[in-house]
$ cat model.csv   # CSV, C-alpha atoms and all ligand atoms
chain,number,residue,atom,x,y,z
A,157,MET,CA,145.1,283.5,244.6
A,158,ARG,CA,145.1,281.4,241.5
A,159,PHE,CA,142.5,279.1,242.9
A,160,LEU,CA,139.8,281.5,241.6
A,161,GLU,CA,140.5,280.1,238.2
A,162,ASP,CA,137.9,278.1,236.2
A,163,VAL,CA,140.0,275.0,236.1
A,164,VAL,CA,140.4,274.9,239.9
A,165,LEU,CA,136.7,275.6,240.4
A,166,LYS,CA,136.0,272.6,238.2
A,167,LYS,CA,138.5,270.6,240.2
A,168,TRP,CA,136.9,271.8,243.4
A,169,SER,CA,133.4,270.8,242.4
A,170,ALA,CA,134.7,267.4,241.4
A,171,ALA,CA,136.2,267.1,244.8
A,172,VAL,CA,133.0,268.2,246.5
A,173,LEU,CA,131.1,265.7,244.4
A,174,ALA,CA,133.5,262.9,245.2
A,175,GLY,CA,133.4,263.8,248.9
A,176,ALA,CA,129.6,263.8,248.9
A,177,LEU,CA,129.4,260.4,247.2
A,178,ALA,CA,132.0,258.9,249.5
A,179,VAL,CA,130.8,260.1,252.9
A,180,GLY,CA,127.4,261.5,252.1
A,181,ALA,CA,128.5,264.9,253.5
A,182,LEU,CA,130.2,268.0,252.2
A,183,ALA,CA,132.0,268.9,255.4
A,184,GLY,CA,135.5,267.6,254.6
A,185,CYS,CA,135.7,269.1,251.2
A,186,GLY,CA,135.0,272.8,251.5
A,187,GLY,CA,137.7,273.5,254.0
A,188,ASP,CA,140.9,275.6,253.8
A,189,ASP,CA,143.0,272.8,252.3
A,190,ALA,CA,141.1,273.3,249.1
A,191,GLY,CA,142.8,276.7,248.8
A,192,SER,CA,146.3,275.3,249.2
A,193,THR,CA,146.2,272.0,247.5
A,194,GLY,CA,143.6,272.5,244.9
A,195,GLY,CA,141.0,270.3,246.4
A,196,GLY,CA,140.3,267.1,248.2
A,197,GLY,CA,142.2,263.8,248.3
A,198,ASP,CA,141.2,262.6,244.9
A,199,ASP,CA,142.5,265.8,243.3
A,200,LYS,CA,145.6,265.1,241.2
A,201,ILE,CA,148.6,267.3,241.1
A,202,THR,CA,149.3,268.5,237.6
A,203,MET,CA,152.9,268.8,236.6
A,204,GLY,CA,154.1,270.5,233.4
A,205,PHE,CA,157.5,269.0,232.4
A,206,SER,CA,159.7,270.4,229.7
A,207,GLN,CA,162.3,267.9,228.5
A,208,VAL,CA,165.5,268.8,226.6
A,209,GLY,CA,164.9,266.4,223.8
A,210,ALA,CA,165.9,262.8,222.9
A,211,GLU,CA,169.5,263.3,222.2
A,212,SER,CA,171.0,260.4,224.1
A,213,GLY,CA,170.4,257.1,225.8
A,214,TRP,CA,170.6,259.0,229.1
A,215,ARG,CA,167.8,261.3,228.0
A,216,THR,CA,165.6,258.4,226.9
A,217,ALA,CA,166.0,256.7,230.3
A,218,ASN,CA,165.3,260.0,232.1
A,219,THR,CA,162.1,260.6,230.2
A,220,LYS,CA,161.0,257.0,230.9
A,221,SER,CA,161.7,257.5,234.6
A,222,ILE,CA,159.8,260.7,234.8
A,223,GLN,CA,156.7,259.3,232.9
A,224,GLU,CA,156.6,256.1,234.9
A,225,SER,CA,157.1,257.8,238.2
A,226,ALA,CA,154.4,260.3,237.5
A,227,ALA,CA,151.9,257.5,236.8
A,228,THR,CA,152.9,255.6,239.9
A,229,ALA,CA,152.7,258.8,242.1
A,230,GLY,CA,149.3,259.6,240.6
A,231,ILE,CA,150.5,262.9,239.2
A,232,ASP,CA,149.0,264.2,236.0
A,233,LEU,CA,152.0,264.8,233.7
A,234,LYS,CA,152.0,267.3,230.8
A,235,PHE,CA,155.1,266.3,229.0
A,236,SER,CA,156.7,268.6,226.4
A,237,ASP,CA,159.8,267.8,224.3
A,238,ALA,CA,161.9,270.9,223.4
A,239,GLN,CA,163.9,269.2,220.7
A,240,GLY,CA,167.0,270.8,222.0
A,241,LYS,CA,165.8,274.4,221.7
A,242,GLN,CA,165.6,276.9,224.6
A,243,GLU,CA,162.9,278.9,222.8
A,244,ASN,CA,160.7,275.8,222.7
A,245,GLN,CA,161.2,275.3,226.5
A,246,ILE,CA,160.3,278.9,227.2
A,247,LYS,CA,157.1,278.5,225.1
A,248,ALA,CA,156.2,275.3,227.0
A,249,ILE,CA,156.7,276.9,230.3
A,250,ARG,CA,154.5,279.9,229.3
A,251,SER,CA,151.9,277.4,228.2
A,252,PHE,CA,152.1,275.6,231.5
A,253,ILE,CA,151.6,278.9,233.3
A,254,ALA,CA,148.6,279.7,231.1
A,255,GLN,CA,147.2,276.3,231.9
A,256,ARG,CA,147.8,276.9,235.6
A,257,VAL,CA,149.5,273.6,236.3
A,258,ASP,CA,150.3,273.0,240.0
A,259,VAL,CA,154.1,272.5,239.5
A,260,ILE,CA,156.5,273.2,236.6
A,261,ALA,CA,159.6,271.1,236.3
A,262,PHE,CA,162.2,271.3,233.5
A,263,SER,CA,165.6,270.3,232.4
A,264,PRO,CA,167.2,273.4,231.0
A,265,VAL,CA,168.7,273.0,227.5
A,266,VAL,CA,171.3,275.7,228.4
A,267,GLU,CA,172.2,277.4,231.7
A,268,SER,CA,171.6,281.1,230.8
A,269,GLY,CA,168.6,283.2,229.9
A,270,TRP,CA,165.9,281.9,232.2
A,271,ASP,CA,165.2,284.9,234.6
A,272,THR,CA,162.2,286.4,232.7
A,273,VAL,CA,160.2,283.2,232.3
A,274,LEU,CA,161.0,282.0,235.8
A,275,LYS,CA,159.8,285.3,237.1
A,276,GLU,CA,156.6,284.9,235.2
A,277,ALA,CA,156.1,281.5,236.9
A,278,LYS,CA,156.9,283.0,240.3
A,279,ASP,CA,154.4,285.8,239.7
A,280,ALA,CA,151.8,283.3,238.8
A,281,ASN,CA,152.6,281.5,242.1
A,282,ILE,CA,153.5,278.3,240.3
A,283,PRO,CA,156.5,276.5,241.9
A,284,VAL,CA,159.4,275.5,239.7
A,285,ILE,CA,161.6,272.4,240.2
A,286,LEU,CA,164.8,272.3,238.1
A,287,THR,CA,165.5,268.7,237.1
A,288,ASP,CA,168.9,267.3,236.0
A,289,ARG,CA,170.4,270.6,234.9
A,290,SER,CA,170.6,273.9,236.6
A,291,VAL,CA,170.3,277.6,235.5
A,292,ASP,CA,172.7,280.4,236.3
A,293,SER,CA,170.1,282.8,237.7
A,294,GLN,CA,171.4,284.8,240.6
A,295,ASP,CA,167.9,285.0,242.2
A,296,LYS,CA,167.5,281.6,243.9
A,297,THR,CA,163.9,282.3,244.8
A,298,LEU,CA,163.0,281.8,241.1
A,299,TYR,CA,162.9,278.1,241.7
A,300,LYS,CA,162.1,275.8,244.7
A,301,THR,CA,164.8,273.3,244.3
A,302,PHE,CA,167.3,271.7,241.9
A,303,ILE,CA,167.6,267.9,241.7
A,304,GLY,CA,170.4,266.4,239.8
A,305,SER,CA,174.1,265.5,239.6
A,306,ASP,CA,177.2,267.4,240.4
A,307,PHE,CA,178.7,267.7,236.9
A,308,VAL,CA,181.9,269.4,238.1
A,309,LEU,CA,182.5,266.4,240.3
A,310,GLU,CA,181.9,264.1,237.4
A,311,GLY,CA,184.5,265.9,235.3
A,312,LYS,CA,186.9,265.7,238.2
A,313,LYS,CA,186.4,261.9,238.6
A,314,ALA,CA,187.2,261.6,234.9
A,315,GLY,CA,190.4,263.6,235.4
A,316,GLU,CA,191.4,261.7,238.5
A,317,TRP,CA,191.2,258.4,236.6
A,318,LEU,CA,193.5,259.7,233.9
A,319,VAL,CA,196.0,261.1,236.4
A,320,LYS,CA,196.2,257.7,238.0
A,321,GLU,CA,196.4,255.8,234.7
A,322,TYR,CA,199.4,257.8,233.6
A,323,GLU,CA,201.1,258.0,237.0
A,324,GLY,CA,204.9,257.8,236.9
A,325,LYS,CA,204.9,258.5,233.1
A,326,THR,CA,206.6,261.6,231.8
A,327,GLU,CA,205.9,261.8,228.0
A,328,PRO,CA,203.1,264.0,226.8
A,329,VAL,CA,199.5,262.7,226.8
A,330,ASN,CA,197.5,264.1,223.9
A,331,ILE,CA,193.8,264.4,224.8
A,332,VAL,CA,190.9,265.2,222.6
A,333,GLU,CA,187.6,266.3,224.2
A,334,LEU,CA,184.0,265.9,222.9
A,335,GLN,CA,181.9,268.4,224.7
A,336,GLY,CA,178.2,268.3,225.3
A,337,SER,CA,175.8,270.7,223.7
A,338,PRO,CA,177.1,274.3,223.9
A,339,GLY,CA,175.9,276.2,227.0
A,340,ALA,CA,174.5,273.2,228.8
A,341,ALA,CA,175.4,272.9,232.4
A,342,PRO,CA,176.8,269.3,232.0
A,343,ALA,CA,179.0,270.5,229.1
A,344,ASN,CA,180.3,273.5,231.0
A,345,ASP,CA,180.9,271.7,234.2
A,346,ARG,CA,182.3,268.4,233.0
A,347,LYS,CA,184.8,270.4,231.0
A,348,ALA,CA,185.7,272.6,234.0
A,349,GLY,CA,186.0,269.7,236.5
A,350,PHE,CA,188.3,267.7,234.2
A,351,ALA,CA,190.5,270.7,233.3
A,352,ASP,CA,190.8,271.5,237.0
A,353,VAL,CA,192.3,268.1,237.8
A,354,ILE,CA,194.6,267.6,234.9
A,355,LYS,CA,196.1,271.1,235.0
A,356,ALA,CA,198.3,270.0,237.9
A,357,ASP,CA,200.5,268.0,235.5
A,358,PRO,CA,201.7,269.7,232.3
A,359,LYS,CA,202.1,266.4,230.4
A,360,PHE,CA,198.4,266.4,229.9
A,361,LYS,CA,197.5,268.4,226.8
A,362,VAL,CA,194.0,268.9,225.5
A,363,ILE,CA,195.0,269.2,221.8
A,364,ALA,CA,191.4,269.6,220.5
A,365,SER,CA,188.0,270.2,222.2
A,366,GLN,CA,184.7,270.6,220.3
A,367,THR,CA,181.1,270.0,220.8
A,368,GLY,CA,179.6,266.7,219.7
A,369,GLN,CA,176.1,267.8,220.8
A,370,PHE,CA,175.7,264.9,223.2
A,371,THR,CA,174.8,262.7,220.2
A,372,ARG,CA,176.3,259.7,218.5
A,373,THR,CA,176.2,261.1,215.0
A,374,ASP,CA,178.0,264.3,216.0
A,375,GLY,CA,180.4,262.4,218.2
A,376,LYS,CA,181.4,260.3,215.2
A,377,GLU,CA,181.8,263.2,212.8
A,378,VAL,CA,183.9,265.3,215.1
A,379,MET,CA,186.1,262.4,216.0
A,380,GLU,CA,186.7,261.7,212.3
A,381,ALA,CA,187.9,265.3,212.0
A,382,PHE,CA,190.0,265.0,215.1
A,383,LEU,CA,191.6,261.8,213.8
A,384,LYS,CA,192.4,263.5,210.5
A,385,ALA,CA,194.0,266.5,212.1
A,386,HIS,CA,195.9,264.7,214.9
A,387,PRO,CA,197.6,261.5,214.1
A,388,ASP,CA,198.9,261.2,217.7
A,389,ILE,CA,195.8,261.1,220.0
A,390,ASP,CA,196.3,259.2,223.2
A,391,VAL,CA,193.0,259.8,225.0
A,392,LEU,CA,189.4,260.8,224.2
A,393,TYR,CA,187.3,262.4,227.0
A,394,ALA,CA,183.7,262.5,225.9
A,395,HIS,CA,181.1,264.3,228.0
A,396,ASN,CA,178.6,261.4,227.5
A,397,ASP,CA,178.5,257.7,226.4
A,398,ASP,CA,176.7,258.4,223.1
A,399,MET,CA,179.4,260.7,221.8
A,400,GLY,CA,182.0,258.2,222.9
A,401,LEU,CA,180.1,255.4,221.1
A,402,GLY,CA,180.0,257.5,217.9
A,403,ALA,CA,183.7,258.2,218.3
A,404,ILE,CA,184.5,254.5,218.6
A,405,GLU,CA,183.0,253.9,215.2
A,406,ALA,CA,185.3,256.6,213.8
A,407,ILE,CA,188.3,255.2,215.5
A,408,GLU,CA,187.6,251.7,214.2
A,409,ALA,CA,187.0,253.0,210.7
A,410,ALA,CA,190.4,254.7,210.9
A,411,GLY,CA,192.0,251.4,211.7
A,412,LYS,CA,192.7,252.0,215.3
A,413,LYS,CA,191.7,250.1,218.4
A,414,PRO,CA,189.4,252.0,220.8
A,415,GLY,CA,190.4,251.4,224.4
A,416,THR,CA,193.9,250.4,223.5
A,417,ASP,CA,195.4,252.7,220.8
A,418,ILE,CA,193.2,255.5,222.1
A,419,LYS,CA,192.0,255.4,225.7
A,420,ILE,CA,188.4,256.5,226.2
A,421,ILE,CA,186.7,258.1,229.2
A,422,THR,CA,183.0,258.9,229.1
A,423,VAL,CA,180.1,260.0,231.4
A,424,ASP,CA,176.6,258.5,232.0
A,425,ALA,CA,177.0,254.7,232.2
A,426,VAL,CA,173.9,253.8,230.1
A,427,LYS,CA,173.7,250.2,228.9
A,428,ASP,CA,175.4,250.7,225.5
A,429,GLY,CA,178.2,252.6,227.2
A,430,MET,CA,178.6,249.9,229.8
A,431,THR,CA,178.6,247.2,227.1
A,432,ALA,CA,181.5,249.0,225.3
A,433,LEU,CA,183.3,249.4,228.6
A,434,SER,CA,183.0,245.7,229.4
A,435,GLU,CA,184.2,244.9,225.9
A,436,GLY,CA,187.3,247.0,226.5
A,437,LYS,CA,186.4,249.7,224.0
A,438,ILE,CA,185.9,252.3,226.7
A,439,ASN,CA,188.3,252.4,229.6
A,440,PHE,CA,186.4,254.3,232.3
A,441,ILE,CA,182.9,255.6,232.8
A,442,VAL,CA,181.7,258.2,235.4
A,443,GLU,CA,178.1,257.4,236.3
A,444,CYS,CA,175.4,260.0,236.0
A,445,SER,CA,172.0,258.7,237.0
A,446,PRO,CA,169.0,259.5,234.8
A,447,LEU,CA,166.5,257.9,237.2
A,448,LEU,CA,165.3,261.2,238.7
A,449,GLY,CA,161.6,260.5,238.4
A,450,PRO,CA,160.7,259.1,241.9
A,451,GLN,CA,162.5,261.9,243.7
A,452,LEU,CA,161.1,264.5,241.4
A,453,MET,CA,157.5,263.3,242.1
A,454,ASP,CA,158.2,263.3,245.8
A,455,LEU,CA,159.5,266.8,245.7
A,456,ALA,CA,156.5,268.0,243.7
A,457,LYS,CA,154.2,266.7,246.3
A,458,LYS,CA,156.1,268.4,249.1
A,459,VAL,CA,156.3,271.7,247.3
A,460,LYS,CA,152.6,271.6,246.5
A,461,ALA,CA,151.8,270.8,250.1
A,462,GLY,CA,153.8,273.9,251.1
A,463,GLU,CA,156.5,271.9,252.8
A,464,THR,CA,160.0,273.3,252.7
A,465,VAL,CA,162.4,271.3,250.6
A,466,GLU,CA,166.2,271.4,250.3
A,467,GLN,CA,167.4,274.0,247.7
A,468,ARG,CA,169.7,271.3,246.2
A,469,VAL,CA,169.0,267.6,246.0
A,470,LEU,CA,172.1,265.7,244.8
A,471,THR,CA,171.9,262.3,243.1
A,472,GLU,CA,174.2,259.6,244.2
A,473,GLU,CA,176.6,258.2,241.7
A,474,THR,CA,179.7,256.0,241.2
A,475,THR,CA,182.3,255.2,238.6
A,476,PHE,CA,183.0,252.1,236.6
A,477,THR,CA,186.1,250.3,235.4
A,478,GLN,CA,186.0,247.6,232.8
A,479,GLU,CA,185.9,244.9,235.4
A,480,GLN,CA,183.2,246.6,237.4
A,481,ALA,CA,181.1,247.0,234.2
A,482,LYS,CA,181.3,243.3,233.5
A,483,ALA,CA,180.0,242.6,237.0
A,484,VAL,CA,176.9,244.8,236.8
A,485,LEU,CA,176.1,244.8,233.1
A,486,ALA,CA,173.4,242.0,233.2
A,487,ASP,CA,171.4,244.0,235.8
A,488,ARG,CA,171.7,247.4,234.2
A,489,LYS,CA,168.2,248.6,233.5
A,490,TYR,CA,168.9,251.4,231.1
B,501,LIG,O1,174.9,263.3,230.5
B,501,LIG,C1,173.7,263.5,228.4
B,501,LIG,C2,172.5,264.1,228.1
B,501,LIG,O2,171.9,266.5,231.3
B,501,LIG,C3,173.0,264.9,232.6
B,501,LIG,O3,172.4,265.2,229.0
B,501,LIG,C4,172.3,265.2,231.3
B,501,LIG,C5,173.2,265.0,230.1
B,501,LIG,C6,173.7,263.5,229.9
B,501,LIG,O4,172.2,264.3,226.8
B,501,LIG,O5,173.9,262.2,227.9
$ encode --input "model.csv" --output "structure tokens"
Amino acid sequence: MRFLEDVVLKKWSAAVLAGALAVGALAGCGGDDAGSTGGGGDDKITMGFSQVGAESGWRTANTKSIQESAATAGIDLKFSDAQGKQENQIKAIRSFIAQRVDVIAFSPVVESGWDTVLKEAKDANIPVILTDRSVDSQDKTLYKTFIGSDFVLEGKKAGEWLVKEYEGKTEPVNIVELQGSPGAAPANDRKAGFADVIKADPKFKVIASQTGQFTRTDGKEVMEAFLKAHPDIDVLYAHNDDMGLGAIEAIEAAGKKPGTDIKIITVDAVKDGMTALSEGKINFIVECSPLLGPQLMDLAKKVKAGETVEQRVLTEETTFTQEQAKAVLADRKY
């Protein structure tokens, strides 16, 4: 068992000392629970968390939620920013294993290529919680649970709005798509869900689809190129608000009116996106909640206590029209 490690022995003696001071006896502190939870009641859970980066407003809100919830839950958080690189995440996870944290949580930059490092965590007996994004590993025992959104459903909701918007119309609808970062679960799934819904009607044509890396800068640049290559764009579907907001700048610079000349659908519903929606520059936003912190900390405690948790924890989300955005904007926290 990993509790023979130095760090745990240190924790253990701290717990023994605390127990002795509190009740003047050692009885409660040397029992079996020290072997499964790492010590007595004052012994903090340590979580190693590897974040994707800081690419979007969503990510910033997600990081804040995780950091604040860890503090509230009394969990010692070791936070590492991968700056968008899988290799950095693998390094961070290996370092968490070496430090023998109690729980590892991470939001995978891409879906593939995790089996080896997840196996290392499993062999070290350190539970892993996937947060926000999933991995495509076949072996589901490599992680305890996955908390996050259903990205395919988000793509479908975007497609369904479009189908309704153009109901009864027969002329072609030219769509350009700004994809999220290549290989990321939300990019793959939001593309697939959307395509699945619009394929039922051949008038919907995706005339260009490229990555905008989930960032404003890339969203703007790629949209500029789209506008140059295609004078006849009807709709922009952006996999997140930030890319949509970048694209809006490009559309305005090209002398067109976002939301009117080109209809815009995005995903996330962060404050900047909701502001643009309420101003009529975006037409529809599919919500994706970044506030995963409280549930993540809860799951970490359960997993650490040896309780069984659901393999999949879904976040609840809605969608927003321009009118709905106006109604909730003032209370939007992120
Ligand atoms: O939609 C995007 C971010 O993984 C759900 O990543 C997340 C996505 C989010 O960069 O804005």
$ residues_near_ligand --input "model.csv" --ligand "ligand LIG 501 (chain B)" --cutoff "7 Å" --atoms "only C-alpha atoms and all ligand atoms" --output "NGL selection string"
:A and (211-215 or 288-289 or 342 or 370 or 395-398 or 423-424 or 444)
$ write_last_selection --input "model.csv" --atoms "C-alpha atoms" --output "PDB file, keeping the file's coordinate frame"
ATOM      1  CA  GLU A 211     169.500 263.300 222.200  1.00  0.00           C
ATOM      2  CA  SER A 212     171.000 260.400 224.100  1.00  0.00           C
ATOM      3  CA  GLY A 213     170.400 257.100 225.800  1.00  0.00           C
ATOM      4  CA  TRP A 214     170.600 259.000 229.100  1.00  0.00           C
ATOM      5  CA  ARG A 215     167.800 261.300 228.000  1.00  0.00           C
ATOM      6  CA  ASP A 288     168.900 267.300 236.000  1.00  0.00           C
ATOM      7  CA  ARG A 289     170.400 270.600 234.900  1.00  0.00           C
ATOM      8  CA  PRO A 342     176.800 269.300 232.000  1.00  0.00           C
ATOM      9  CA  PHE A 370     175.700 264.900 223.200  1.00  0.00           C
ATOM     10  CA  HIS A 395     181.100 264.300 228.000  1.00  0.00           C
ATOM     11  CA  ASN A 396     178.600 261.400 227.500  1.00  0.00           C
ATOM     12  CA  ASP A 397     178.500 257.700 226.400  1.00  0.00           C
ATOM     13  CA  ASP A 398     176.700 258.400 223.100  1.00  0.00           C
ATOM     14  CA  VAL A 423     180.100 260.000 231.400  1.00  0.00           C
ATOM     15  CA  ASP A 424     176.600 258.500 232.000  1.00  0.00           C
ATOM     16  CA  CYS A 444     175.400 260.000 236.000  1.00  0.00           C
TER      17      CYS A 444
END
$ closest_residue --input "model.csv" --among "A:Ile438, A:Val291, A:Ile253, A:Ile285" --to "Glu267 of chain A" --atoms "all atoms listed in the file"
A:Val291
$ residues_around --input "model.csv" --residues "segment 350-354 of chain A" --least-positions-apart "5" --cutoff "10 Å" --atoms "only C-alpha atoms" --output "PyMOL selection string"
chain A and resi 307-319+345+359-362+393
$ atom_distance --input "model.csv" --atom1 "atom CA of Gln242 of chain A" --atom2 "atom CA of Ala261 of chain A"
14.4 Å
$ atom_distance --input "model.csv" --atom1 "atom CA of Thr475 of chain A" --atom2 "atom CA of Met430 of chain A"
10.9 Å
$ atom_distance --input "model.csv" --atom1 "atom CA of Glu224 of chain A" --atom2 "atom CA of Leu452 of chain A"
11.5 Å
$ residues_near_point --input "model.csv" --point "(174.3, 274.3, 233.3)" --cutoff "12 Å" --atoms "all atoms listed in the file" --output "PyMOL selection string"
chain A and resi 263-270+286-293+302+304-308+336-348
$ closest_residue --input "model.csv" --among "A:Glu463, A:Glu435, A:Asp271, A:Asp232" --to "Ile246 of chain A" --atoms "only C-alpha atoms"
A:Asp271
$ residues_around --input "model.csv" --residues "His386 of chain A" --least-positions-apart "4" --cutoff "9 Å" --atoms "all atoms listed in the file" --output "list of chain:residue names"
A:Ile363, A:Ala364, A:Ala381, A:Phe382
$ residues_around --input "model.csv" --residues "Ala486 of chain A" --least-positions-apart "2" --cutoff "12 Å" --atoms "all atoms listed in the file" --output "list in words"
Lys427, Asp428, Met430, Thr431, Ser434, Gln480, Ala481, Lys482, Ala483, Val484, Arg488, Lys489 and Tyr490 of chain A
$ residues_around --input "model.csv" --residues "segment 235-240 of chain A" --least-positions-apart "4" --cutoff "7 Å" --atoms "only C-alpha atoms" --output "PyMOL selection string"
chain A and resi 204-209+244-245+248+265
$ write_last_selection --input "model.csv" --atoms "C-alpha atoms" --output "mmCIF file, in the coordinates of the input"
data_model
loop_
_atom_site.group_PDB
_atom_site.id
_atom_site.type_symbol
_atom_site.label_atom_id
_atom_site.label_comp_id
_atom_site.auth_asym_id
_atom_site.auth_seq_id
_atom_site.Cartn_x
_atom_site.Cartn_y
_atom_site.Cartn_z
ATOM 1 C CA GLY A 204 154.100 270.500 233.400
ATOM 2 C CA PHE A 205 157.500 269.000 232.400
ATOM 3 C CA SER A 206 159.700 270.400 229.700
ATOM 4 C CA GLN A 207 162.300 267.900 228.500
ATOM 5 C CA VAL A 208 165.500 268.800 226.600
ATOM 6 C CA GLY A 209 164.900 266.400 223.800
ATOM 7 C CA ASN A 244 160.700 275.800 222.700
ATOM 8 C CA GLN A 245 161.200 275.300 226.500
ATOM 9 C CA ALA A 248 156.200 275.300 227.000
ATOM 10 C CA VAL A 265 168.700 273.000 227.500
#
$ residues_around --input "model.csv" --residues "Gln451 of chain A" --least-positions-apart "5" --cutoff "9 Å" --atoms "all atoms listed in the file" --output "PDB file with C-alpha atoms, in the frame of the given file"
ATOM      1  CA  SER A 225     157.100 257.800 238.200  1.00  0.00           C
ATOM      2  CA  ILE A 303     167.600 267.900 241.700  1.00  0.00           C
ATOM      3  CA  ALA A 456     156.500 268.000 243.700  1.00  0.00           C
ATOM      4  CA  VAL A 469     169.000 267.600 246.000  1.00  0.00           C
TER       5      VAL A 469
END
